[in-house]
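Trainee: Just so it is clear, I am handing over run12.pdb, which has PDB, C-alpha atoms.
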MODEL        1
ATOM      1  CA  MET A  24       1.114 -35.461 -10.107  1.00  0.00           C
ATOM      2  CA  ARG A  25       2.546 -36.927  -6.901  1.00  0.00           C
ATOM      3  CA  SER A  26       3.974 -33.537  -5.870  1.00  0.00           C
ATOM      4  CA  LEU A  27       0.536 -31.933  -6.347  1.00  0.00           C
ATOM      5  CA  ILE A  28      -1.019 -34.489  -4.008  1.00  0.00           C
ATOM      6  CA  VAL A  29       1.749 -33.922  -1.442  1.00  0.00           C
ATOM      7  CA  ARG A  30       1.203 -30.130  -1.597  1.00  0.00           C
ATOM      8  CA  ALA A  31      -2.569 -30.532  -1.266  1.00  0.00           C
ATOM      9  CA  ARG A  32      -2.136 -32.744   1.815  1.00  0.00           C
ATOM     10  CA  GLU A  33       0.242 -30.180   3.303  1.00  0.00           C
ATOM     11  CA  ASP A  34      -2.324 -27.427   2.753  1.00  0.00           C
ATOM     12  CA  LEU A  35      -5.050 -29.414   4.486  1.00  0.00           C
ATOM     13  CA  SER A  36      -2.761 -30.333   7.400  1.00  0.00           C
ATOM     14  CA  VAL A  37      -1.742 -26.695   7.861  1.00  0.00           C
ATOM     15  CA  ILE A  38      -5.369 -25.598   8.057  1.00  0.00           C
ATOM     16  CA  VAL A  39      -6.095 -28.226  10.729  1.00  0.00           C
ATOM     17  CA  ALA A  40      -2.948 -27.250  12.656  1.00  0.00           C
ATOM     18  CA  ARG A  41      -3.451 -23.454  12.584  1.00  0.00           C
ATOM     19  CA  ASP A  42      -7.230 -23.026  12.652  1.00  0.00           C
ATOM     20  CA  PRO A  43      -8.689 -24.250  15.971  1.00  0.00           C
ATOM     21  CA  SER A  44     -12.195 -24.253  14.464  1.00  0.00           C
ATOM     22  CA  VAL A  45     -11.210 -26.929  11.904  1.00  0.00           C
ATOM     23  CA  ARG A  46     -10.690 -30.422  13.288  1.00  0.00           C
ATOM     24  CA  THR A  47     -10.301 -32.704  10.253  1.00  0.00           C
ATOM     25  CA  ARG A  48      -8.877 -32.614   6.739  1.00  0.00           C
ATOM     26  CA  ALA A  49     -12.382 -33.195   5.384  1.00  0.00           C
ATOM     27  CA  GLU A  50     -13.539 -30.047   7.179  1.00  0.00           C
ATOM     28  CA  ALA A  51     -10.447 -28.214   5.938  1.00  0.00           C
ATOM     29  CA  LEU A  52     -11.656 -28.771   2.363  1.00  0.00           C
ATOM     30  CA  LEU A  53     -14.285 -26.088   3.074  1.00  0.00           C
ATOM     31  CA  HIS A  54     -11.782 -23.508   4.342  1.00  0.00           C
ATOM     32  CA  PRO A  55     -12.246 -20.201   2.436  1.00  0.00           C
ATOM     33  CA  ALA A  56      -8.556 -19.769   1.610  1.00  0.00           C
ATOM     34  CA  LEU A  57      -8.106 -23.164  -0.003  1.00  0.00           C
ATOM     35  CA  PRO A  58      -9.632 -22.294  -3.420  1.00  0.00           C
ATOM     36  CA  ALA A  59      -7.472 -19.171  -3.547  1.00  0.00           C
ATOM     37  CA  LEU A  60      -4.243 -21.083  -2.916  1.00  0.00           C
ATOM     38  CA  TRP A  61      -5.015 -23.967  -5.253  1.00  0.00           C
ATOM     39  CA  THR A  62      -6.228 -21.671  -8.030  1.00  0.00           C
ATOM     40  CA  HIS A  63      -3.160 -19.477  -7.585  1.00  0.00           C
ATOM     41  CA  ARG A  64      -0.844 -22.415  -8.202  1.00  0.00           C
ATOM     42  CA  LEU A  65      -2.509 -23.098 -11.529  1.00  0.00           C
ATOM     43  CA  ALA A  66      -2.693 -19.399 -12.430  1.00  0.00           C
ATOM     44  CA  HIS A  67       0.983 -18.881 -11.550  1.00  0.00           C
ATOM     45  CA  ALA A  68       2.040 -21.804 -13.757  1.00  0.00           C
ATOM     46  CA  LEU A  69       0.039 -20.344 -16.653  1.00  0.00           C
ATOM     47  CA  TYR A  70       1.391 -16.836 -16.009  1.00  0.00           C
ATOM     48  CA  THR A  71       5.037 -17.934 -16.054  1.00  0.00           C
ATOM     49  CA  ARG A  72       4.409 -19.753 -19.365  1.00  0.00           C
ATOM     50  CA  GLY A  73       3.057 -16.591 -20.982  1.00  0.00           C
ATOM     51  CA  HIS A  74      -0.688 -17.291 -20.678  1.00  0.00           C
ATOM     52  CA  ARG A  75      -1.245 -14.056 -18.796  1.00  0.00           C
ATOM     53  CA  GLN A  76      -4.860 -13.418 -19.743  1.00  0.00           C
ATOM     54  CA  LEU A  77      -6.067 -16.871 -18.746  1.00  0.00           C
ATOM     55  CA  ALA A  78      -4.048 -16.644 -15.513  1.00  0.00           C
ATOM     56  CA  ARG A  79      -5.671 -13.329 -14.641  1.00  0.00           C
ATOM     57  CA  LEU A  80      -9.111 -14.723 -15.399  1.00  0.00           C
ATOM     58  CA  LEU A  81      -8.486 -17.572 -12.932  1.00  0.00           C
ATOM     59  CA  ALA A  82      -7.281 -15.093 -10.302  1.00  0.00           C
ATOM     60  CA  TYR A  83     -10.403 -12.998 -10.875  1.00  0.00           C
ATOM     61  CA  LEU A  84     -12.664 -16.033 -10.442  1.00  0.00           C
ATOM     62  CA  ALA A  85     -10.810 -17.085  -7.279  1.00  0.00           C
ATOM     63  CA  ARG A  86     -11.303 -13.608  -5.852  1.00  0.00           C
ATOM     64  CA  ALA A  87     -15.045 -13.807  -6.514  1.00  0.00           C
ATOM     65  CA  VAL A  88     -15.344 -17.257  -4.920  1.00  0.00           C
ATOM     66  CA  THR A  89     -13.218 -16.563  -1.836  1.00  0.00           C
ATOM     67  CA  GLY A  90     -14.695 -13.282  -0.645  1.00  0.00           C
ATOM     68  CA  GLY A  91     -11.879 -11.076  -1.834  1.00  0.00           C
ATOM     69  CA  ILE A  92      -8.584 -12.970  -1.639  1.00  0.00           C
ATOM     70  CA  GLU A  93      -6.700 -11.326  -4.493  1.00  0.00           C
ATOM     71  CA  ILE A  94      -3.401 -12.990  -5.357  1.00  0.00           C
ATOM     72  CA  HIS A  95      -1.788 -11.778  -8.565  1.00  0.00           C
ATOM     73  CA  PRO A  96      -0.760 -14.727 -10.771  1.00  0.00           C
ATOM     74  CA  GLY A  97       2.784 -13.368 -10.876  1.00  0.00           C
ATOM     75  CA  ALA A  98       3.245 -13.568  -7.100  1.00  0.00           C
ATOM     76  CA  ARG A  99       5.325 -16.444  -5.739  1.00  0.00           C
ATOM     77  CA  LEU A 100       3.991 -18.333  -2.718  1.00  0.00           C
ATOM     78  CA  GLY A 101       5.934 -20.902  -0.735  1.00  0.00           C
ATOM     79  CA  ARG A 102       4.718 -24.100   0.860  1.00  0.00           C
ATOM     80  CA  ARG A 103       2.251 -24.366   3.737  1.00  0.00           C
ATOM     81  CA  VAL A 104       1.101 -20.745   3.450  1.00  0.00           C
ATOM     82  CA  PHE A 105      -1.967 -20.300   5.647  1.00  0.00           C
ATOM     83  CA  ILE A 106      -4.475 -17.515   4.990  1.00  0.00           C
ATOM     84  CA  ASP A 107      -6.817 -17.287   7.982  1.00  0.00           C
ATOM     85  CA  HIS A 108     -10.365 -16.037   7.244  1.00  0.00           C
ATOM     86  CA  GLY A 109      -9.073 -14.632   3.964  1.00  0.00           C
ATOM     87  CA  ALA A 110     -11.351 -11.643   3.435  1.00  0.00           C
ATOM     88  CA  ALA A 111      -9.671  -8.739   1.635  1.00  0.00           C
ATOM     89  CA  VAL A 112      -6.160 -10.193   1.370  1.00  0.00           C
ATOM     90  CA  VAL A 113      -4.152  -8.609  -1.467  1.00  0.00           C
ATOM     91  CA  ILE A 114      -0.815  -9.972  -2.716  1.00  0.00           C
ATOM     92  CA  GLY A 115       0.809  -8.059  -5.583  1.00  0.00           C
ATOM     93  CA  GLU A 116       2.502  -9.228  -8.764  1.00  0.00           C
ATOM     94  CA  THR A 117       6.151  -9.218  -7.702  1.00  0.00           C
ATOM     95  CA  ALA A 118       5.539 -10.278  -4.082  1.00  0.00           C
ATOM     96  CA  GLU A 119       7.286 -13.367  -2.741  1.00  0.00           C
ATOM     97  CA  VAL A 120       5.962 -15.250   0.278  1.00  0.00           C
ATOM     98  CA  GLY A 121       8.131 -17.872   1.989  1.00  0.00           C
ATOM     99  CA  ASP A 122       7.273 -21.210   3.555  1.00  0.00           C
ATOM    100  CA  ASP A 123       5.057 -21.632   6.643  1.00  0.00           C
ATOM    101  CA  VAL A 124       3.790 -18.039   6.529  1.00  0.00           C
ATOM    102  CA  THR A 125       0.533 -17.126   8.289  1.00  0.00           C
ATOM    103  CA  ILE A 126      -1.536 -14.310   6.783  1.00  0.00           C
ATOM    104  CA  PHE A 127      -4.618 -12.983   8.558  1.00  0.00           C
ATOM    105  CA  HIS A 128      -7.511 -11.137   6.907  1.00  0.00           C
ATOM    106  CA  GLN A 129      -7.172  -7.672   5.353  1.00  0.00           C
ATOM    107  CA  VAL A 130      -3.412  -8.027   4.832  1.00  0.00           C
ATOM    108  CA  THR A 131      -1.919  -6.128   1.898  1.00  0.00           C
ATOM    109  CA  LEU A 132       1.420  -6.955   0.289  1.00  0.00           C
ATOM    110  CA  GLY A 133       1.362  -4.087  -2.174  1.00  0.00           C
ATOM    111  CA  SER A 134       3.348  -1.497  -4.048  1.00  0.00           C
ATOM    112  CA  VAL A 135       3.717   2.142  -3.070  1.00  0.00           C
ATOM    113  CA  GLY A 136       1.829   3.453  -6.129  1.00  0.00           C
ATOM    114  CA  TRP A 137       2.131   4.004  -9.852  1.00  0.00           C
ATOM    115  CA  TRP A 138       3.644   7.489  -9.415  1.00  0.00           C
ATOM    116  CA  ARG A 139       6.756   5.904  -7.901  1.00  0.00           C
ATOM    117  CA  ASP A 140       6.697   2.473  -9.533  1.00  0.00           C
ATOM    118  CA  GLY A 141       6.550   4.047 -12.990  1.00  0.00           C
ATOM    119  CA  ARG A 142      10.083   5.361 -12.398  1.00  0.00           C
ATOM    120  CA  ARG A 143      11.541   1.952 -11.519  1.00  0.00           C
ATOM    121  CA  ALA A 144      13.574  -0.004 -14.064  1.00  0.00           C
ATOM    122  CA  ALA A 145      11.605  -2.476 -16.177  1.00  0.00           C
ATOM    123  CA  GLY A 146      11.246  -5.760 -14.301  1.00  0.00           C
ATOM    124  CA  ALA A 147      12.250  -4.244 -10.949  1.00  0.00           C
ATOM    125  CA  ARG A 148      10.541  -5.599  -7.867  1.00  0.00           C
ATOM    126  CA  ARG A 149       7.646  -3.443  -6.619  1.00  0.00           C
ATOM    127  CA  HIS A 150       6.237  -5.623  -3.846  1.00  0.00           C
ATOM    128  CA  PRO A 151       7.504  -7.142  -0.586  1.00  0.00           C
ATOM    129  CA  VAL A 152       9.481 -10.318  -0.033  1.00  0.00           C
ATOM    130  CA  VAL A 153       8.245 -12.154   3.059  1.00  0.00           C
ATOM    131  CA  GLY A 154      10.581 -14.709   4.638  1.00  0.00           C
ATOM    132  CA  ASP A 155       9.819 -18.099   6.131  1.00  0.00           C
ATOM    133  CA  ARG A 156       7.606 -18.544   9.227  1.00  0.00           C
ATOM    134  CA  VAL A 157       6.461 -14.904   9.204  1.00  0.00           C
ATOM    135  CA  VAL A 158       3.121 -13.952  10.771  1.00  0.00           C
ATOM    136  CA  LEU A 159       1.224 -11.026   9.233  1.00  0.00           C
ATOM    137  CA  GLY A 160      -1.521  -9.848  11.598  1.00  0.00           C
ATOM    138  CA  THR A 161      -4.971  -8.567  10.699  1.00  0.00           C
ATOM    139  CA  ASN A 162      -4.895  -5.421   8.538  1.00  0.00           C
ATOM    140  CA  ALA A 163      -1.093  -5.399   8.323  1.00  0.00           C
ATOM    141  CA  ILE A 164       0.038  -3.352   5.328  1.00  0.00           C
ATOM    142  CA  VAL A 165       3.486  -3.975   3.819  1.00  0.00           C
ATOM    143  CA  LEU A 166       4.288  -1.736   0.857  1.00  0.00           C
ATOM    144  CA  GLY A 167       7.107  -1.524  -1.659  1.00  0.00           C
ATOM    145  CA  PRO A 168      10.170  -3.656  -2.426  1.00  0.00           C
ATOM    146  CA  VAL A 169      10.922  -4.299   1.253  1.00  0.00           C
ATOM    147  CA  THR A 170      12.025  -7.523   2.907  1.00  0.00           C
ATOM    148  CA  VAL A 171      10.388  -9.020   5.983  1.00  0.00           C
ATOM    149  CA  GLY A 172      12.961 -11.384   7.491  1.00  0.00           C
ATOM    150  CA  ASP A 173      12.413 -14.978   8.593  1.00  0.00           C
ATOM    151  CA  ASP A 174      10.428 -15.492  11.828  1.00  0.00           C
ATOM    152  CA  ALA A 175       9.303 -11.855  11.987  1.00  0.00           C
ATOM    153  CA  LEU A 176       5.888 -10.890  13.304  1.00  0.00           C
ATOM    154  CA  VAL A 177       4.028  -7.921  11.815  1.00  0.00           C
ATOM    155  CA  GLY A 178       1.263  -7.073  14.266  1.00  0.00           C
ATOM    156  CA  ALA A 179      -2.337  -6.180  13.509  1.00  0.00           C
ATOM    157  CA  GLY A 180      -2.831  -2.727  12.021  1.00  0.00           C
ATOM    158  CA  SER A 181       0.872  -2.149  11.318  1.00  0.00           C
ATOM    159  CA  LEU A 182       2.121  -0.158   8.318  1.00  0.00           C
ATOM    160  CA  VAL A 183       5.528  -1.358   7.083  1.00  0.00           C
ATOM    161  CA  LEU A 184       7.484   0.761   4.589  1.00  0.00           C
ATOM    162  CA  GLY A 185      11.006  -0.480   5.359  1.00  0.00           C
ATOM    163  CA  ASP A 186      12.870  -3.740   5.852  1.00  0.00           C
ATOM    164  CA  VAL A 187      12.070  -5.843   8.929  1.00  0.00           C
ATOM    165  CA  PRO A 188      15.012  -7.838  10.349  1.00  0.00           C
ATOM    166  CA  PRO A 189      14.657 -11.586  10.966  1.00  0.00           C
ATOM    167  CA  GLY A 190      12.867 -12.349  14.234  1.00  0.00           C
ATOM    168  CA  ALA A 191      11.756  -8.738  14.735  1.00  0.00           C
ATOM    169  CA  ARG A 192       8.333  -7.623  15.977  1.00  0.00           C
ATOM    170  CA  VAL A 193       6.471  -4.718  14.373  1.00  0.00           C
ATOM    171  CA  MET A 194       3.564  -3.442  16.451  1.00  0.00           C
ATOM    172  CA  ALA A 195       1.010  -0.713  15.756  1.00  0.00           C
ATOM    173  CA  PRO A 196       0.227   1.722  18.578  1.00  0.00           C
ATOM    174  CA  LEU A 197      -2.508   0.547  20.909  1.00  0.00           C
ATOM    175  CA  GLY A 198      -5.843   2.343  20.881  1.00  0.00           C
ATOM    176  CA  GLU A 199      -6.151   4.864  23.697  1.00  0.00           C
ATOM    177  CA  VAL A 200      -9.133   4.753  26.018  1.00  0.00           C
ATOM    178  CA  THR A 201     -10.241   8.305  26.846  1.00  0.00           C
ATOM    179  CA  PRO A 202     -12.544   9.339  29.667  1.00  0.00           C
ATOM    180  CA  ARG A 203     -16.206  10.038  28.952  1.00  0.00           C
ATOM    181  CA  LEU A 204     -16.826  13.472  27.394  1.00  0.00           C
ATOM    182  CA  SER A 205     -18.422  16.215  29.435  1.00  0.00           C
ATOM    183  CA  ALA A 206     -21.727  17.701  28.251  1.00  0.00           C
ATOM    184  CA  ALA A 207     -19.912  20.766  26.822  1.00  0.00           C
ATOM    185  CA  ASP A 208     -17.353  18.601  24.979  1.00  0.00           C
ATOM    186  CA  ARG A 209     -20.143  16.388  23.625  1.00  0.00           C
ATOM    187  CA  GLU A 210     -22.003  19.436  22.310  1.00  0.00           C
ATOM    188  CA  GLU A 211     -18.807  20.702  20.631  1.00  0.00           C
ATOM    189  CA  ALA A 212     -18.192  17.274  19.067  1.00  0.00           C
ATOM    190  CA  ASP A 213     -21.800  17.120  17.808  1.00  0.00           C
ATOM    191  CA  GLU A 214     -21.457  20.583  16.294  1.00  0.00           C
ATOM    192  CA  LEU A 215     -18.260  19.571  14.497  1.00  0.00           C
ATOM    193  CA  LEU A 216     -19.928  16.396  13.216  1.00  0.00           C
ATOM    194  CA  ARG A 217     -22.901  18.385  11.876  1.00  0.00           C
ATOM    195  CA  ALA A 218     -20.514  20.761  10.092  1.00  0.00           C
ATOM    196  CA  LEU A 219     -18.566  17.888   8.518  1.00  0.00           C
ATOM    197  CA  ALA A 220     -21.476  15.617   7.656  1.00  0.00           C
ATOM    198  CA  THR A 221     -22.867  17.748   4.849  1.00  0.00           C
ATOM    199  CA  SER A 222     -24.282  16.366   1.641  1.00  0.00           C
ATOM    200  CA  GLY A 223     -21.028  17.398  -0.035  1.00  0.00           C
ATOM    201  CA  CYS A 224     -19.165  14.785   2.038  1.00  0.00           C
ATOM    202  CA  TRP A 225     -21.412  11.947   0.936  1.00  0.00           C
TER     203      TRP A 225
ENDMDL
END
Here is the file; what I need is its structure written in the form of structure tokens.
Mentor:
Amino acid sequence: MRSLIVRAREDLSVIVARDPSVRTRAEALLHPALPALWTHRLAHALYTRGHRQLARLLAYLARAVTGGIEIHPGARLGRRVFIDHGAAVVIGETAEVGDDVTIFHQVTLGSVGWWRDGRRAAGARRHPVVGDRVVLGTNAIVLGPVTVGDDALVGAGSLVLGDVPPGARVMAPLGEVTPRLSAADREEADELLRALATSGCW
């Protein structure tokens, strides 16, 4: 019981420390990621004891309450994990997340797909292992049994399909600003849009 209280205090302190919009632990109690993390701990304990259906039900309820934070009960999360905003975060069954990790919204720690995972040995890891003190930026996608080393930073919009060394930085290409289209180019673009935007595309 004492360890649960210690972990809960850590979670609240982390929210206050990493979210500038939250100033007190009392305010941190209303952070959207908190129900997901606390429910996951219970679901994971049930899952590892063989109560898989009940664990999945809890994960499903947490997803509904938190606006789409989906953490599989089999995933292992370390201490002081901070999920900022939380919307559309997905963490797969065999994923492992280290201590003091920061995860922004729309992050996926997923597998590469059933067509490849079906050929893996039974019990083989299908999801990433994320080291300690890693930052996963908005819409970062990390797929497969890869390892993201300690203190790495995976930037917003990055797609990671291979191992990331400790301390490394993975950055997506920056958006390119193009000059304003000429009237002729605009007409050509409109024509292409009309051709593509048929009822068959809807």
Trainee: Could you check which of A:Arg142, A:Arg25, A:Arg217, A:His54 is closest to Phe105 (chain A), using only C-alpha atoms?
Mentor: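 With only C-alpha atoms as the atom set, the closest residue is A:His54.
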Trainee: Calculate how many Å separate CA of Pro189 (chain A) from CA of Leu176 (chain A), rounding to one decimal.
Mentor: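 Result for CA of Pro189 (chain A) versus CA of Leu176 (chain A): 9.1 Å, one decimal.
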Trainee: What does the distance between CA of Leu69 (chain A) and CA of Thr117 (chain A) come to in Å, to one decimal place?
Mentor: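 For CA of Leu69 (chain A) relative to CA of Thr117 (chain A), the distance reads 15.5 Å.
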Trainee: Please determine, counting only C-alpha atoms, which residue among A:Leu52, A:Leu216, A:Ile126, A:Ala147 has the shortest atom-to-atom distance to Gly167 (chain A).
Mentor: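 Among the listed residues, A:Ala147 lies closest to Gly167 (chain A).
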Trainee: Could you spell out the hits of the PyMOL selection byres ((chain A and resi 107) around 7) on the shown file, as an MDAnalysis selection string?
Mentor: chainID A and resid 105:106 108:109 126:128
Trainee: Given the file shown, enumerate the residues that the PyMOL selection byres ((chain A and resi 164) around 12) captures and present them as a compact mmCIF listing (two decimals) with C-alpha atoms, in the coordinates of the input.
Mentor:
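See expr-v1.txt below for the written result:
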# COMPACT_ATOMS: atom_id res chain seq x y z
CA ALA A 111 -9.67 -8.74 1.64
CA VAL A 112 -6.16 -10.19 1.37
CA VAL A 113 -4.15 -8.61 -1.47
CA ILE A 114 -0.82 -9.97 -2.72
CA GLY A 115 0.81 -8.06 -5.58
CA ILE A 126 -1.54 -14.31 6.78
CA PHE A 127 -4.62 -12.98 8.56
CA HIS A 128 -7.51 -11.14 6.91
CA GLN A 129 -7.17 -7.67 5.35
CA VAL A 130 -3.41 -8.03 4.83
CA THR A 131 -1.92 -6.13 1.90
CA LEU A 132 1.42 -6.96 0.29
CA GLY A 133 1.36 -4.09 -2.17
CA SER A 134 3.35 -1.50 -4.05
CA VAL A 135 3.72 2.14 -3.07
CA HIS A 150 6.24 -5.62 -3.85
CA PRO A 151 7.50 -7.14 -0.59
CA LEU A 159 1.22 -11.03 9.23
CA GLY A 160 -1.52 -9.85 11.60
CA THR A 161 -4.97 -8.57 10.70
CA ASN A 162 -4.89 -5.42 8.54
CA ALA A 163 -1.09 -5.40 8.32
CA VAL A 165 3.49 -3.98 3.82
CA LEU A 166 4.29 -1.74 0.86
CA GLY A 167 7.11 -1.52 -1.66
CA VAL A 169 10.92 -4.30 1.25
CA VAL A 171 10.39 -9.02 5.98
CA VAL A 177 4.03 -7.92 11.82
CA GLY A 178 1.26 -7.07 14.27
CA ALA A 179 -2.34 -6.18 13.51
CA GLY A 180 -2.83 -2.73 12.02
CA SER A 181 0.87 -2.15 11.32
CA LEU A 182 2.12 -0.16 8.32
CA VAL A 183 5.53 -1.36 7.08
CA LEU A 184 7.48 0.76 4.59
CA GLY A 185 11.01 -0.48 5.36
CA VAL A 193 6.47 -4.72 14.37
CA MET A 194 3.56 -3.44 16.45
CA ALA A 195 1.01 -0.71 15.76
Trainee: Do you know which residues the PyMOL selection byres ((chain A and resi 67) around 10) returns on this file, as a PyMOL selection string?
Mentor: chain A and resi 62-66+68-75+78-79+81-82+94-100
Trainee: I'd like the neighbourhood of Val152 (chain A) as JSON, numbers by chain, where a residue qualifies if any of its atoms comes within 6 Å (using all atoms listed in the file), though same-chain residues fewer than 3 positions away should be ignored.
Mentor: {"A": [118, 119, 170]}
Trainee: Let me see the file: selected residues, C-alpha atoms, as a compact mmCIF listing (two decimals), in the coordinates of the input.
Mentor:
# COMPACT_ATOMS: atom_id res chain seq x y z
CA ALA A 118 5.54 -10.28 -4.08
CA GLU A 119 7.29 -13.37 -2.74
CA THR A 170 12.02 -7.52 2.91
Trainee: Work out how far CA of Pro58 (chain A) is from CA of Ala110 (chain A), in Å to one decimal.
Mentor: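 Separation between CA of Ala110 (chain A) and CA of Pro58 (chain A): 12.8 Å.
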Trainee: Find the residues near Ala49 (chain A): any atom within 12 Å, counting only C-alpha atoms, skip ones fewer than 6 places away on the same chain, and give them as a list in words.
Mentor: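 Surrounding residues, per the criterion: Arg32, Asp34, Leu35, Ser36, Ile38 and Val39 of chain A.
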Trainee: Counting all atoms listed in the file, I want the residues whose atoms come within 7 Å of (-15.0, -18.9, 0.1) in the file frame, returned as a PyMOL selection string.
Mentor: chain A and resi 55-56+88-90
Trainee: Excluding same-chain residues fewer than 4 positions from Gly121 (chain A), what lies within 6 Å of it counting only C-alpha atoms, as number ranges by chain?
Mentor: A: 101, 153-155
Trainee: Would you output that residue set with C-alpha atoms, as a PDB file, in the frame of the given file?
Mentor:
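Wrote it out as result.pdb, contents follow:
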ATOM      1  CA  GLY A 101       5.934 -20.902  -0.735  1.00  0.00           C
ATOM      2  CA  VAL A 153       8.245 -12.154   3.059  1.00  0.00           C
ATOM      3  CA  GLY A 154      10.581 -14.709   4.638  1.00  0.00           C
ATOM      4  CA  ASP A 155       9.819 -18.099   6.131  1.00  0.00           C
TER       5      ASP A 155
END
